[in-house]
Amino acid sequence: MIIEIDGAHSGIRFSACHFIPGHEKCSRLHGHSYIVRARLEGEIGATGMVMDFVDIKKALKAAAEEMDHKTLLPRNTENVSVTESAKEVEVMTCGKRYVFPKEDVLILDIDITTAEEMSKLIAKKLLSAVVFPKNVKKLWIGLDEERGQTAWYSESL
């Protein structure tokens with residue numbers, strides 16, 4: 001059995017800007033209105049459900065809220081230099097220099113801020129925040145960066 005949370009209808013979404021170093025068009029700073037999706041595969045448990053939606057939705061909303069209206073930056077890449085001070089974040093990439101107010105930035109523990117990497121990051125956050133019952137066998141996290149463009153990451157539990 002598969003259960004799904006559609007963030008478009010559940011209000012699990014965020015708006016953020018990012019860039020992809022070296023990409024012809026996406027190396028420029030730009031934004032998206034992201035939608036988070038989740039699927040769980042498993043057997044129906046003793047409660048008559050695969051899993052209660054409440055805990056999953058709460059963790060997904062927390063992840064989305066953390067990224068909402070932020071400039072998302074990767075921490076782990078050679079193509080991007082990020083320097084933090086008390087009030088600002090300076091970014092050097094592709095011959096460009098950006099300076100952002102620190103409160104407007106979220107530095108993510110990923111190599112690049114693609115939907116693929118961010119869906120994996122959200123899945124890892126969900127796995128650490130939620131206790132999944134033993135009957136749940138697989139988790140998928142989808143991240144839409146545009147309607148009809150979803151990156152999916154899956155992990156067996």
# chains A, B, ... in the order shown; residues from 1 in each chain; ligands from 1
$ select_by_dssp --residues "range 61-104 of chain A" --states "alpha helix (DSSP H)" --output "PyMOL selection string"
chain A and resi 61-67
$ write_last_selection --atoms "N, CA, C and O atoms" --output "PDB file, in the first residue's frame"
ATOM      1  N   LYS A  61       6.366  20.215   7.074  1.00  0.00           N
ATOM      2  CA  LYS A  61       6.087  21.652   7.190  1.00  0.00           C
ATOM      3  C   LYS A  61       7.247  22.375   7.870  1.00  0.00           C
ATOM      4  O   LYS A  61       7.588  23.498   7.490  1.00  0.00           O
ATOM      5  N   ALA A  62       7.870  21.746   8.870  1.00  0.00           N
ATOM      6  CA  ALA A  62       9.013  22.363   9.549  1.00  0.00           C
ATOM      7  C   ALA A  62      10.180  22.534   8.584  1.00  0.00           C
ATOM      8  O   ALA A  62      10.842  23.587   8.574  1.00  0.00           O
ATOM      9  N   ALA A  63      10.442  21.530   7.750  1.00  0.00           N
ATOM     10  CA  ALA A  63      11.530  21.631   6.765  1.00  0.00           C
ATOM     11  C   ALA A  63      11.240  22.725   5.749  1.00  0.00           C
ATOM     12  O   ALA A  63      12.122  23.517   5.406  1.00  0.00           O
ATOM     13  N   ALA A  64      10.002  22.796   5.287  1.00  0.00           N
ATOM     14  CA  ALA A  64       9.627  23.822   4.313  1.00  0.00           C
ATOM     15  C   ALA A  64       9.702  25.213   4.932  1.00  0.00           C
ATOM     16  O   ALA A  64      10.204  26.154   4.303  1.00  0.00           O
ATOM     17  N   GLU A  65       9.245  25.350   6.150  1.00  0.00           N
ATOM     18  CA  GLU A  65       9.270  26.651   6.823  1.00  0.00           C
ATOM     19  C   GLU A  65      10.699  27.157   7.014  1.00  0.00           C
ATOM     20  O   GLU A  65      10.968  28.351   6.868  1.00  0.00           O
ATOM     21  N   GLU A  66      11.617  26.254   7.313  1.00  0.00           N
ATOM     22  CA  GLU A  66      13.020  26.641   7.499  1.00  0.00           C
ATOM     23  C   GLU A  66      13.609  27.248   6.219  1.00  0.00           C
ATOM     24  O   GLU A  66      14.426  28.161   6.277  1.00  0.00           O
ATOM     25  N   MET A  67      13.186  26.756   5.048  1.00  0.00           N
ATOM     26  CA  MET A  67      13.726  27.218   3.777  1.00  0.00           C
ATOM     27  C   MET A  67      12.930  28.357   3.147  1.00  0.00           C
ATOM     28  O   MET A  67      13.388  28.987   2.202  1.00  0.00           O
TER      29      MET A  67
END
$ closest_atom_pairs --of "range 9-67 of chain A" --to "range 74-91 of chain A" --cutoff "10 Å" --atoms "only C-alpha atoms" --output "Markdown table"
| residue | atom | partner | partner_atom | distance |
| --- | --- | --- | --- | --- |
| A:His18 | CA | A:Pro74 | CA | 9.1 |
| A:Phe19 | CA | A:Pro74 | CA | 9.5 |
| A:Ile20 | CA | A:Pro74 | CA | 9.5 |
| A:Pro21 | CA | A:Asn79 | CA | 6.6 |
| A:Gly22 | CA | A:Asn79 | CA | 8.4 |
$ residues_around --residues "Tyr34 in chain A" --least-positions-apart "2" --cutoff "9 Å" --atoms "only C-alpha atoms" --output "PyMOL selection string"
chain A and resi 12-16+32+36+64+115+143-147
$ write_last_selection --atoms "all heavy atoms" --output "compact mmCIF listing (two decimals), in the first residue's frame"
# COMPACT_ATOMS: atom_id res chain seq x y z
N ILE A 12 2.22 22.46 2.07
CA ILE A 12 3.62 22.20 2.39
C ILE A 12 4.44 22.68 1.19
O ILE A 12 4.70 21.96 0.24
CB ILE A 12 3.87 20.70 2.69
CG1 ILE A 12 2.91 20.25 3.78
CG2 ILE A 12 5.32 20.49 3.12
CD1 ILE A 12 2.90 18.76 4.02
N ARG A 13 4.79 23.94 1.27
CA ARG A 13 5.47 24.61 0.16
C ARG A 13 6.35 25.70 0.71
O ARG A 13 6.18 26.14 1.85
CB ARG A 13 4.45 25.17 -0.82
CG ARG A 13 3.48 26.13 -0.18
CD ARG A 13 2.42 26.70 -1.11
NE ARG A 13 1.42 25.71 -1.44
CZ ARG A 13 0.89 25.55 -2.65
NH1 ARG A 13 1.24 26.33 -3.64
NH2 ARG A 13 0.00 24.63 -2.87
N PHE A 14 7.27 26.15 -0.12
CA PHE A 14 8.12 27.28 0.27
C PHE A 14 8.62 27.97 -0.99
O PHE A 14 8.67 27.39 -2.06
CB PHE A 14 9.29 26.83 1.16
CG PHE A 14 10.27 25.87 0.51
CD1 PHE A 14 11.45 26.34 -0.07
CD2 PHE A 14 10.03 24.52 0.50
CE1 PHE A 14 12.36 25.48 -0.65
CE2 PHE A 14 10.93 23.64 -0.07
CZ PHE A 14 12.10 24.11 -0.65
N SER A 15 8.95 29.24 -0.82
CA SER A 15 9.54 30.02 -1.90
C SER A 15 10.96 30.34 -1.49
O SER A 15 11.22 30.71 -0.34
CB SER A 15 8.76 31.32 -2.12
OG SER A 15 7.45 31.03 -2.56
N ALA A 16 11.88 30.19 -2.42
CA ALA A 16 13.29 30.44 -2.12
C ALA A 16 14.04 30.73 -3.41
O ALA A 16 13.56 30.42 -4.50
CB ALA A 16 13.91 29.24 -1.42
N HIS A 32 12.12 29.94 -7.02
CA HIS A 32 11.05 28.98 -7.32
C HIS A 32 10.04 29.00 -6.18
O HIS A 32 10.36 29.35 -5.05
CB HIS A 32 11.59 27.55 -7.42
CG HIS A 32 12.58 27.34 -8.52
ND1 HIS A 32 12.22 27.20 -9.83
CD2 HIS A 32 13.92 27.25 -8.49
CE1 HIS A 32 13.30 27.01 -10.57
NE2 HIS A 32 14.35 27.05 -9.78
N VAL A 36 6.48 20.39 -1.64
CA VAL A 36 7.05 19.16 -1.08
C VAL A 36 6.00 18.06 -1.12
O VAL A 36 4.83 18.28 -0.77
CB VAL A 36 7.52 19.38 0.38
CG1 VAL A 36 8.16 18.12 0.93
CG2 VAL A 36 8.48 20.57 0.46
N ALA A 64 10.00 22.80 5.29
CA ALA A 64 9.63 23.82 4.31
C ALA A 64 9.70 25.21 4.93
O ALA A 64 10.20 26.15 4.30
CB ALA A 64 8.22 23.55 3.78
N ALA A 115 16.96 20.59 -7.04
CA ALA A 115 15.80 19.92 -6.45
C ALA A 115 16.15 18.50 -6.04
O ALA A 115 15.64 17.99 -5.03
CB ALA A 115 14.63 19.93 -7.45
N LEU A 143 10.19 16.92 -4.68
CA LEU A 143 10.26 18.38 -4.57
C LEU A 143 10.01 18.96 -5.95
O LEU A 143 10.80 18.79 -6.87
CB LEU A 143 11.63 18.81 -4.03
CG LEU A 143 11.79 20.30 -3.75
CD1 LEU A 143 10.80 20.77 -2.68
CD2 LEU A 143 13.21 20.61 -3.33
N ASP A 144 8.86 19.65 -6.08
CA ASP A 144 8.52 20.35 -7.33
C ASP A 144 9.22 21.71 -7.30
O ASP A 144 9.04 22.44 -6.33
CB ASP A 144 7.03 20.66 -7.43
CG ASP A 144 6.13 19.47 -7.50
OD1 ASP A 144 6.60 18.35 -7.34
OD2 ASP A 144 4.91 19.67 -7.69
N GLU A 145 9.96 22.03 -8.35
CA GLU A 145 10.45 23.39 -8.44
C GLU A 145 9.63 24.17 -9.47
O GLU A 145 9.74 25.37 -9.57
CB GLU A 145 11.95 23.46 -8.70
CG GLU A 145 12.41 23.01 -10.03
CD GLU A 145 13.90 23.25 -10.26
OE1 GLU A 145 14.67 23.44 -9.30
OE2 GLU A 145 14.28 23.24 -11.41
N GLU A 146 8.82 23.48 -10.18
CA GLU A 146 7.84 24.04 -11.11
C GLU A 146 6.75 22.98 -11.22
O GLU A 146 7.00 21.80 -10.99
CB GLU A 146 8.45 24.26 -12.51
CG GLU A 146 9.57 25.24 -12.56
CD GLU A 146 9.14 26.58 -13.11
OE1 GLU A 146 8.09 26.66 -13.75
OE2 GLU A 146 9.88 27.53 -12.88
N ARG A 147 5.57 23.37 -11.60
CA ARG A 147 4.51 22.40 -11.81
C ARG A 147 4.94 21.46 -12.93
O ARG A 147 5.37 21.89 -13.99
CB ARG A 147 3.22 23.13 -12.21
CG ARG A 147 2.01 22.30 -12.10
CD ARG A 147 1.64 22.20 -10.62
NE ARG A 147 0.30 21.70 -10.47
CZ ARG A 147 0.02 20.72 -9.61
NH1 ARG A 147 0.95 20.17 -8.88
NH2 ARG A 147 -1.22 20.33 -9.48
$ closest_residue --among "A:Arg39, A:Ala59, A:Pro133, A:Pro101" --to "Glu155 in chain A" --atoms "only C-alpha atoms"
A:Arg39
$ closest_residue --among "A:Ile35, A:Val99, A:Val131, A:Met92" --to "Asp68 in chain A" --atoms "only C-alpha atoms"
A:Ile35
$ select_by_dssp --residues "chain A" --states "strand (DSSP E or B)" --output "short mmCIF file (atom, residue, chain, number, x, y, z; two decimals) with C-alpha atoms, in the first residue's frame"
data_model
loop_
_atom_site.label_atom_id
_atom_site.label_comp_id
_atom_site.auth_asym_id
_atom_site.auth_seq_id
_atom_site.Cartn_x
_atom_site.Cartn_y
_atom_site.Cartn_z
CA ILE A 2 1.20 3.54 -0.73
CA ILE A 3 0.06 6.68 1.04
CA GLU A 4 0.90 10.12 -0.29
CA ILE A 5 1.02 13.67 0.98
CA ASP A 6 0.56 16.24 -1.77
CA ARG A 13 5.47 24.61 0.16
CA PHE A 14 8.12 27.28 0.27
CA SER A 15 9.54 30.02 -1.90
CA ALA A 16 13.29 30.44 -2.12
CA CYS A 17 16.07 31.54 -4.43
CA HIS A 18 19.22 29.71 -5.44
CA HIS A 30 16.64 32.97 -9.43
CA GLY A 31 13.70 31.66 -7.42
CA HIS A 32 11.05 28.98 -7.32
CA SER A 33 7.85 28.25 -5.47
CA TYR A 34 8.63 24.72 -4.28
CA ILE A 35 6.08 22.07 -3.33
CA VAL A 36 7.05 19.16 -1.08
CA ARG A 37 5.54 15.72 -1.62
CA ALA A 38 5.91 12.48 0.33
CA ARG A 39 5.03 8.86 -0.32
CA LEU A 40 5.26 5.98 2.11
CA GLU A 41 5.10 2.34 1.12
CA GLY A 42 4.17 -0.28 3.66
CA LYS A 70 15.56 32.30 2.04
CA THR A 71 18.50 32.37 -0.30
CA LEU A 72 19.62 28.73 -0.32
CA LEU A 73 23.36 28.15 -0.50
CA PRO A 74 25.36 24.91 -0.66
CA VAL A 80 31.03 28.29 -4.28
CA SER A 81 32.92 30.18 -1.57
CA VAL A 82 30.74 31.18 1.38
CA THR A 83 32.06 33.52 4.06
CA GLU A 84 29.91 34.38 7.05
CA GLU A 88 26.34 39.18 6.28
CA VAL A 89 27.04 36.22 4.06
CA GLU A 90 29.39 36.77 1.14
CA VAL A 91 29.25 34.35 -1.77
CA MET A 92 31.75 34.05 -4.62
CA THR A 93 30.87 31.83 -7.58
CA LYS A 96 30.25 36.81 -9.32
CA ARG A 97 30.10 38.21 -5.80
CA TYR A 98 26.90 38.33 -3.76
CA VAL A 99 26.42 39.78 -0.29
CA PHE A 100 23.26 38.87 1.61
CA PRO A 101 21.94 39.81 5.04
CA VAL A 105 20.32 33.02 3.98
CA LEU A 106 20.15 29.31 4.74
CA ILE A 107 23.33 27.35 4.16
CA LEU A 108 22.46 23.74 3.40
CA VAL A 136 6.63 1.27 6.67
CA LYS A 137 9.20 -0.05 4.18
CA LYS A 138 10.08 2.87 1.90
CA LEU A 139 10.00 6.66 1.88
CA TRP A 140 9.94 8.93 -1.17
CA ILE A 141 10.30 12.70 -1.02
CA GLY A 142 9.41 14.73 -4.08
CA LEU A 143 10.26 18.38 -4.57
CA ASP A 144 8.52 20.35 -7.33
CA GLU A 145 10.45 23.39 -8.44
CA GLU A 146 7.84 24.04 -11.11
CA GLN A 149 9.00 19.14 -12.64
CA THR A 150 9.51 16.98 -9.57
CA ALA A 151 12.74 15.48 -8.27
CA TRP A 152 12.16 12.30 -6.22
CA TYR A 153 14.50 10.74 -3.66
CA SER A 154 13.71 7.39 -2.07
CA GLU A 155 15.11 5.44 0.81
CA SER A 156 14.28 1.98 2.10
#
$ atom_distance --atom1 "CA of Lys25 in chain A" --atom2 "CA of Gly7 in chain A"
27.2 Å
$ atom_distance --atom1 "CA of Met1 in chain A" --atom2 "CA of Phe132 in chain A"
15.1 Å
